[in-house]
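In what follows, a structure is listed as structure tokens, so that the remarks can point back to it.
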Amino acid sequence: DFGIPRAFKFIFYHQAALVWFVVALVSLLLSEFDRNRIYILFGFVVIALTLTTKGVCWVAAIMMIVVTLNKRGRPSVFGLLFGGIAVLMLASDSLILYYANSTVDTARSALQQAANKIALNEFPFGAGFASFGSAVTAMPEHYSPLYFAYGLSTIWGLTPGNTQYLSDTFWPVVIGQFGYVGFAVFAAVAFFCFRSVIVRTRDSGNAKAWLSPRSLLIYLVLGSLAETAFFNPSAVYFAILIAMQVVATHPLPLSGREFRSVSDKKDDLIEGIA
């Protein structure tokens, strides 16, 4: 990305894998922001060195939010606005190339265009499971007939002998396999899941702890525009971290039985001390 050939990937097979790893680490550090400033900054530098658009956009968004936090540790309207503008400016070229340019036969652009055609031709539920854009359709024995039908089999990275970019998107998979109805359902489910996380971490005792789980949600949204995102195995890691952070900032109430057990132990301890 950004036209620079050498991107930092450390010991990982691809720089995107390094970004997932460092984003997860930084999200944990954000829960104690004031104590971990220097380590968070180092994490931002490592992500920037990977030169991935989604990683750089995530760094820009989080930095803009952090810089404009108010006295209560909450983001200002200006921080959210400028963060959004920064992301759009950094990602504009990639978004145009992948989603708005119908004249360039790049793999992601071609997959998105084909997904839209499939959703219309197979309205309302798309082509069905394991039929378009998913990893199984990249296997030689399961190469989808849809790639021949929609002219994808001749595009670099999508050909039967070279499928390295075939499962490198997210929304085209959802739209192609499940149609616009499936797209709407998935978007709605994701929205309510995100909303649940946001509500549960809103009143945390740590004024800045709310940023930790939400930073992961921001990366998932950004990543969904350029990779498998929610289908990526690393998304399971993110889900576990989000659950841990939600519980840490918003402990679940004890059930009646658990409460009585704790209460009895407390009374026994008090009697023992007396």
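All residue names refer to the structure tokens as shown: chains lettered A, B, ... in order, residues numbered from 1 in each chain, ligands numbered from 1 in order.
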Leu152 (chain A) surroundings by only C-alpha atoms, 10 Å radius, close-in-sequence under 3 positions cut, as a compact mmCIF listing (two decimals) with C-alpha atoms, in the first residue's frame:
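To be explicit, this is the file written out as around.txt:
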```txt
# COMPACT_ATOMS: atom_id res chain seq x y z
CA ASP A 105 -9.68 -4.90 -13.29
CA ALA A 107 -9.16 -8.36 -7.91
CA ALA A 110 -13.82 -7.09 -9.85
CA LEU A 111 -15.13 -9.12 -6.91
CA ALA A 114 -19.46 -9.28 -9.64
CA PRO A 145 -18.52 -21.71 -11.73
CA LEU A 146 -19.55 -18.15 -10.91
CA TYR A 147 -15.99 -16.98 -11.56
CA PHE A 148 -16.24 -18.20 -15.15
CA ALA A 149 -19.76 -16.84 -15.56
CA ILE A 155 -8.14 -11.60 -13.68
CA TRP A 156 -4.75 -11.81 -11.98
CA GLY A 157 -5.10 -13.36 -8.52
CA LEU A 158 -8.49 -14.88 -9.31
CA THR A 159 -7.56 -17.43 -11.99
CA PRO A 160 -7.90 -21.18 -11.34
CA LEU A 166 -9.87 -14.62 -4.29
```
Considering only helix (DSSP H, G or I) as DSSP defines it on the backbone, what residues of region 92-268 of chain A qualify? List them as a PyMOL selection string. chain A and resi 92-100+107-121+135-138+140-142+145-149+171-200+211-223+229-231+234-249+256-268
Please determine, counting only C-alpha atoms, which residue among A:Leu49, A:Val173, A:Ala187, A:Val56 has the shortest atom-to-atom distance to Val221 (chain A).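 Smallest distance to Val221 (chain A) is found for A:Ala187.
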Near Ala130 (chain A), within 8 Å and counting only C-alpha atoms, which residues show up once chain neighbours fewer than 5 positions away are dropped, as a PDB file with all heavy atoms, in the first residue's frame?
```
ATOM      1  N   VAL A 136     -13.023 -21.550   0.538  1.00  0.00           N
ATOM      2  CA  VAL A 136     -13.246 -22.867  -0.046  1.00  0.00           C
ATOM      3  C   VAL A 136     -13.373 -22.797  -1.564  1.00  0.00           C
ATOM      4  O   VAL A 136     -12.985 -23.728  -2.273  1.00  0.00           O
ATOM      5  CB  VAL A 136     -14.505 -23.527   0.575  1.00  0.00           C
ATOM      6  CG1 VAL A 136     -15.776 -22.784   0.168  1.00  0.00           C
ATOM      7  CG2 VAL A 136     -14.600 -24.998   0.178  1.00  0.00           C
ATOM      8  N   THR A 137     -13.881 -21.674  -2.077  1.00  0.00           N
ATOM      9  CA  THR A 137     -14.044 -21.545  -3.531  1.00  0.00           C
ATOM     10  C   THR A 137     -12.720 -21.277  -4.232  1.00  0.00           C
ATOM     11  O   THR A 137     -12.672 -21.256  -5.467  1.00  0.00           O
ATOM     12  CB  THR A 137     -15.028 -20.413  -3.873  1.00  0.00           C
ATOM     13  OG1 THR A 137     -14.480 -19.149  -3.445  1.00  0.00           O
ATOM     14  CG2 THR A 137     -16.368 -20.627  -3.198  1.00  0.00           C
ATOM     15  N   GLN A 177     -22.953 -14.127  -1.746  1.00  0.00           N
ATOM     16  CA  GLN A 177     -23.486 -15.387  -1.252  1.00  0.00           C
ATOM     17  C   GLN A 177     -24.875 -15.258  -0.648  1.00  0.00           C
ATOM     18  O   GLN A 177     -25.676 -16.199  -0.714  1.00  0.00           O
ATOM     19  CB  GLN A 177     -22.533 -15.992  -0.213  1.00  0.00           C
ATOM     20  CG  GLN A 177     -21.198 -16.434  -0.795  1.00  0.00           C
ATOM     21  CD  GLN A 177     -20.382 -17.288   0.161  1.00  0.00           C
ATOM     22  OE1 GLN A 177     -19.525 -18.049  -0.247  1.00  0.00           O
ATOM     23  NE2 GLN A 177     -20.651 -17.165   1.439  1.00  0.00           N
TER      24      GLN A 177
END
```
Name the closest residue to Trp210 (chain A) among the candidates A:Phe33, A:Tyr13, A:Trp20, A:Phe238; distances are taken between atoms, counting only C-alpha atoms.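 Nearest candidate to Trp210 (chain A) out of A:Phe33, A:Tyr13, A:Trp20, A:Phe238: A:Phe33.
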Between A:Thr50, A:Ser196, A:Gln245, A:Ser224, which has the minimum distance to Ala17 (chain A) (counting only C-alpha atoms)? A:Thr50
Skipping near chain neighbours, those fewer than 4 positions away, what residues fall within 12 Å of region 76-88 of chain A using only C-alpha atoms, listed as a list in words?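 Near region 76-88 of chain A, the qualifying residues are Thr53, Lys54, Gly55, Val56, Cys57, Trp58, Val59, Ala60, Ala61, Ile62, Met63, Met64, Ile65, Val66, Val67, Thr68, Leu69, Asn70, Lys71, Arg72, Ser92, Asp93, Ser94, Leu95, Ile96, Ile218, Tyr219, Val221 and Leu222 of chain A.
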Grab the residues selected above and save them as a short mmCIF file (atom, residue, chain, number, x, y, z; two decimals), in the first residue's frame with N, CA, C and O atoms.
```
data_model
loop_
_atom_site.label_atom_id
_atom_site.label_comp_id
_atom_site.auth_asym_id
_atom_site.auth_seq_id
_atom_site.Cartn_x
_atom_site.Cartn_y
_atom_site.Cartn_z
N THR A 53 -3.09 0.37 4.41
CA THR A 53 -4.03 1.48 4.50
C THR A 53 -4.92 1.37 5.73
O THR A 53 -5.13 2.35 6.45
N LYS A 54 -5.46 0.18 5.98
CA LYS A 54 -6.36 0.01 7.13
C LYS A 54 -5.64 0.25 8.44
O LYS A 54 -6.20 0.82 9.38
N GLY A 55 -4.35 -0.19 8.52
CA GLY A 55 -3.59 0.03 9.74
C GLY A 55 -3.30 1.51 9.98
O GLY A 55 -3.48 2.02 11.10
N VAL A 56 -2.87 2.21 8.95
CA VAL A 56 -2.58 3.64 9.07
C VAL A 56 -3.85 4.42 9.39
O VAL A 56 -3.83 5.35 10.20
N CYS A 57 -4.96 4.03 8.77
CA CYS A 57 -6.24 4.70 9.06
C CYS A 57 -6.65 4.48 10.51
O CYS A 57 -7.16 5.39 11.17
N TRP A 58 -6.43 3.27 11.02
CA TRP A 58 -6.76 2.99 12.41
C TRP A 58 -5.92 3.83 13.36
O TRP A 58 -6.45 4.40 14.32
N VAL A 59 -4.64 3.93 13.09
CA VAL A 59 -3.76 4.76 13.92
C VAL A 59 -4.23 6.21 13.89
O VAL A 59 -4.30 6.87 14.95
N ALA A 60 -4.56 6.73 12.71
CA ALA A 60 -5.01 8.11 12.59
C ALA A 60 -6.29 8.34 13.38
O ALA A 60 -6.44 9.36 14.08
N ALA A 61 -7.22 7.40 13.28
CA ALA A 61 -8.50 7.55 13.98
C ALA A 61 -8.31 7.53 15.50
O ALA A 61 -8.84 8.38 16.21
N ILE A 62 -7.54 6.56 16.00
CA ILE A 62 -7.33 6.44 17.45
C ILE A 62 -6.55 7.65 17.98
O ILE A 62 -6.87 8.20 19.04
N MET A 63 -5.52 8.08 17.25
CA MET A 63 -4.74 9.24 17.69
C MET A 63 -5.61 10.49 17.75
O MET A 63 -5.51 11.29 18.69
N MET A 64 -6.46 10.68 16.75
CA MET A 64 -7.32 11.86 16.73
C MET A 64 -8.30 11.84 17.90
O MET A 64 -8.57 12.87 18.52
N ILE A 65 -8.83 10.66 18.21
CA ILE A 65 -9.75 10.54 19.34
C ILE A 65 -9.02 10.82 20.65
O ILE A 65 -9.50 11.57 21.50
N VAL A 66 -7.83 10.22 20.82
CA VAL A 66 -7.08 10.39 22.06
C VAL A 66 -6.66 11.84 22.27
O VAL A 66 -6.77 12.38 23.38
N VAL A 67 -6.19 12.49 21.22
CA VAL A 67 -5.70 13.87 21.33
C VAL A 67 -6.82 14.83 21.73
O VAL A 67 -6.58 15.82 22.42
N THR A 68 -8.05 14.52 21.33
CA THR A 68 -9.16 15.45 21.58
C THR A 68 -10.06 15.00 22.73
O THR A 68 -11.20 15.46 22.85
N LEU A 69 -9.57 14.09 23.58
CA LEU A 69 -10.36 13.67 24.74
C LEU A 69 -10.60 14.86 25.66
O LEU A 69 -9.72 15.68 25.89
N ASN A 70 -11.82 14.94 26.21
CA ASN A 70 -12.13 16.02 27.15
C ASN A 70 -11.66 15.65 28.56
O ASN A 70 -11.05 14.61 28.78
N LYS A 71 -11.98 16.49 29.54
CA LYS A 71 -11.50 16.28 30.90
C LYS A 71 -12.06 15.00 31.53
O LYS A 71 -11.46 14.45 32.46
N ARG A 72 -13.19 14.56 31.07
CA ARG A 72 -13.80 13.33 31.59
C ARG A 72 -13.27 12.09 30.88
O ARG A 72 -13.68 10.98 31.17
N SER A 92 -9.13 7.22 0.74
CA SER A 92 -9.92 7.61 -0.43
C SER A 92 -9.46 6.91 -1.71
O SER A 92 -10.28 6.39 -2.48
N ASP A 93 -8.15 6.86 -1.94
CA ASP A 93 -7.64 6.24 -3.17
C ASP A 93 -8.00 4.75 -3.22
O ASP A 93 -8.43 4.23 -4.26
N SER A 94 -7.83 4.07 -2.10
CA SER A 94 -8.13 2.64 -2.06
C SER A 94 -9.63 2.39 -2.23
O SER A 94 -10.04 1.46 -2.93
N LEU A 95 -10.45 3.21 -1.58
CA LEU A 95 -11.90 3.04 -1.68
C LEU A 95 -12.38 3.26 -3.11
O LEU A 95 -13.24 2.52 -3.61
N ILE A 96 -11.83 4.28 -3.76
CA ILE A 96 -12.21 4.54 -5.16
C ILE A 96 -11.77 3.39 -6.06
O ILE A 96 -12.51 2.93 -6.92
N ILE A 218 -13.48 -0.55 15.83
CA ILE A 218 -13.10 0.37 14.75
C ILE A 218 -12.23 -0.34 13.73
O ILE A 218 -12.42 -0.19 12.51
N TYR A 219 -11.28 -1.17 14.21
CA TYR A 219 -10.42 -1.87 13.26
C TYR A 219 -11.19 -2.91 12.45
O TYR A 219 -10.94 -3.08 11.26
N VAL A 221 -14.26 -2.72 11.47
CA VAL A 221 -15.00 -2.00 10.44
C VAL A 221 -14.06 -1.58 9.31
O VAL A 221 -14.37 -1.77 8.13
N LEU A 222 -12.91 -1.01 9.67
CA LEU A 222 -11.95 -0.58 8.65
C LEU A 222 -11.43 -1.78 7.86
O LEU A 222 -11.31 -1.74 6.64
#
```
Hey, what's within 8 Å of region 138-141 of chain A if we count only C-alpha atoms and toss same-chain stuff fewer than 3 positions away? As a list of chain:residue names, please? A:Gly133, A:Ser134, A:Ala135, A:Ser144, A:Pro160, A:Gly161, A:Thr163, A:Leu166, A:Ser167
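As for CA of Val199 (chain A) and CA of Ala235 (chain A), they are spaced 20.9 Å apart.
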Tell me which protein, DNA and RNA residues are within 6 Å of Phe178 (chain A), counting only C-alpha atoms, leaving out same-chain ones fewer than 6 positions away, and put them as a list in words.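 Counting only the stated atoms, we get Phe125, Gly126 and Gly128 of chain A.
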Serialized selection, N, CA and C atoms, as a PDB file, in the first residue's frame:
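Saved file selection-v6.pdb follows:
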```pdb
ATOM      1  N   PHE A 125     -31.689 -13.649  -2.122  1.00  0.00           N
ATOM      2  CA  PHE A 125     -30.805 -14.295  -1.155  1.00  0.00           C
ATOM      3  C   PHE A 125     -29.438 -14.675  -1.710  1.00  0.00           C
ATOM      4  N   GLY A 126     -29.057 -14.198  -2.886  1.00  0.00           N
ATOM      5  CA  GLY A 126     -27.729 -14.449  -3.409  1.00  0.00           C
ATOM      6  C   GLY A 126     -27.527 -15.871  -3.905  1.00  0.00           C
ATOM      7  N   GLY A 128     -25.803 -18.378  -2.449  1.00  0.00           N
ATOM      8  CA  GLY A 128     -25.766 -19.427  -1.435  1.00  0.00           C
ATOM      9  C   GLY A 128     -24.394 -19.649  -0.831  1.00  0.00           C
TER      10      GLY A 128
END
```
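With CA of Ile47 (chain A) on one side and CA of Val19 (chain A) on the other, the separation reads 5.7 Å.
Here CA of Phe191 (chain A) stands at a distance of 14.6 Å from CA of Pro213 (chain A).
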Nearby residues (only C-alpha atoms) at most 7 Å from Ser212 (chain A), same-chain spacing under 6 positions excluded, as number ranges by chain: A: 27-28, 30-31
Hey, what does DSSP flag as strand (DSSP E or B) within region 40-263 of chain A? Can you give it to me as JSON, numbers by chain? {"A": [69, 75, 159, 162]}
